[in-house]
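Structure record follows, encoded as structure tokens.
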Amino acid sequence: MTGLAGRTAGKKLRVIAYLGMDRPCRHADYGEVLIRRIIASRHELAGLVIHPSDNLADLARRYRIPYISIPLELLQPSGAIKKALAENAQLREFYPIWLGHIRSFEADIGLSVWSYWIPAELFSMPPLGFINYHPAPLPQMRGMEPDTFAILEGRREIWGTVHKVNHAFDCGEIISRTKHIPVRRHDTPVSVLENLNREGVVAIIRALDSFAEGTVSLTPQS
């Protein structure tokens, strides 16, 4: 069982949301759904980290939520990012300034959803670290496109997992899971992912509440 500092236990949390563009927007933009749910909860959005062309910037301005864009050089595979930081002096000089801007949000916890690479300096910045929502069971279905594999493997049900972010992909300690979602005969990867993300928003808010209340339980993955 993990305890919290006195200033956060039983209270609202200041949350950094690091939101990627690889999110379902078929019936709703789930990035917007998540932001609105956080606004409606006890918690406070300390800031957003988003793609330079993300429409969520309009929502952030409307609600006066601070936000910062992700440099395009950081929207690459991790190997390419490391190479860019090593070879691009301008990026190397800008990088700590970018991290410092995010640090100025003074968040208690970070949230990463639909994003790819997260620098270690970022996910270790808030006192409570970062959490991520993976739309699949962990550790059984790590990696990309679990919705597609759910169809290909003939799964009859699936669920999502909220977990801590660490240096390895989808390997952090498990915080909670969504309810089990049936995979029906006529489901497609798109409809499966839609269902997973709808329940995922609920699970994320529930996980934030558990951190605020000091009741969170962290389960290591095998």
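Every chain in the structure tokens has a letter given in the order shown (A, B, ...), and although residue numbers restart at 1 in each chain, ligands are simply numbered from 1 in the order shown.
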Residues within 10 Å of Val190 of chain A, only C-alpha atoms, excluding chain neighbours under 2 positions, as a CSV table (one decimal) with C-alpha atoms, in the first residue's frame:
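This is the output file result_17.csv:
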```csv
chain,number,residue,atom,x,y,z
A,24,PRO,CA,-9.8,7.5,-31.0
A,26,ARG,CA,-14.7,8.3,-34.1
A,147,ASP,CA,-7.6,-4.1,-30.1
A,148,THR,CA,-6.6,-5.8,-33.4
A,187,ASP,CA,-16.9,-6.0,-33.2
A,188,THR,CA,-14.0,-4.5,-35.1
A,192,VAL,CA,-13.2,-2.5,-29.3
A,193,LEU,CA,-10.8,0.4,-28.9
A,194,GLU,CA,-13.8,2.8,-28.5
A,195,ASN,CA,-15.2,0.7,-25.7
A,196,LEU,CA,-11.8,0.4,-24.0
```
Taking the chain letters and numbering used in this document, name the residues of chain A that DSSP puts in helix (DSSP H, G or I), as a PyMOL selection string. chain A and resi 30-40+56-62+72-74+78-87+89-103+120-123+146-152+189-213
In Å, with one decimal, what is the gap from atom CA of Ile102 of chain A to atom CA of Ile50 of chain A?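 Going from atom CA of Ile102 of chain A over to atom CA of Ile50 of chain A, I get 11.6 Å.
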Can you list, as number ranges by chain, all residues belonging to segment 74-179 of chain A that DSSP tags as strand (DSSP E)? A: 109-113, 130-134, 157-158, 161-164, 174-177
The selected residues should be written to file as a PDB file, in the first residue's frame (atoms: C-alpha atoms).
```
ATOM      1  CA  ILE A 109       0.996  13.566 -10.550  1.00  0.00           C
ATOM      2  CA  GLY A 110       1.358  13.106 -14.291  1.00  0.00           C
ATOM      3  CA  LEU A 111      -0.955  11.337 -16.690  1.00  0.00           C
ATOM      4  CA  SER A 112       0.175   9.910 -20.023  1.00  0.00           C
ATOM      5  CA  VAL A 113      -2.422   8.674 -22.516  1.00  0.00           C
ATOM      6  CA  PHE A 130       3.286   9.425 -14.013  1.00  0.00           C
ATOM      7  CA  ILE A 131       0.496   6.958 -14.690  1.00  0.00           C
ATOM      8  CA  ASN A 132      -0.568   5.591 -18.061  1.00  0.00           C
ATOM      9  CA  TYR A 133      -3.680   3.928 -19.428  1.00  0.00           C
ATOM     10  CA  HIS A 134      -3.008   0.912 -21.647  1.00  0.00           C
ATOM     11  CA  GLU A 157     -13.562 -10.212 -23.472  1.00  0.00           C
ATOM     12  CA  ILE A 158     -10.897  -7.618 -22.844  1.00  0.00           C
ATOM     13  CA  THR A 161      -5.047  -1.315 -17.331  1.00  0.00           C
ATOM     14  CA  VAL A 162      -3.914   1.801 -15.478  1.00  0.00           C
ATOM     15  CA  HIS A 163      -0.255   1.476 -14.500  1.00  0.00           C
ATOM     16  CA  LYS A 164       2.733   3.474 -13.318  1.00  0.00           C
ATOM     17  CA  ILE A 174      -0.479  -2.004 -12.067  1.00  0.00           C
ATOM     18  CA  ILE A 175      -2.815   0.410 -10.284  1.00  0.00           C
ATOM     19  CA  SER A 176      -6.249  -0.696 -11.479  1.00  0.00           C
ATOM     20  CA  ARG A 177      -8.187  -2.270 -14.325  1.00  0.00           C
TER      21      ARG A 177
END
```
Atom CA of Arg103 of chain A and atom CA of Met125 of chain A, how far apart in Å?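 Separation of atom CA of Met125 of chain A and atom CA of Arg103 of chain A: 6.9 Å.
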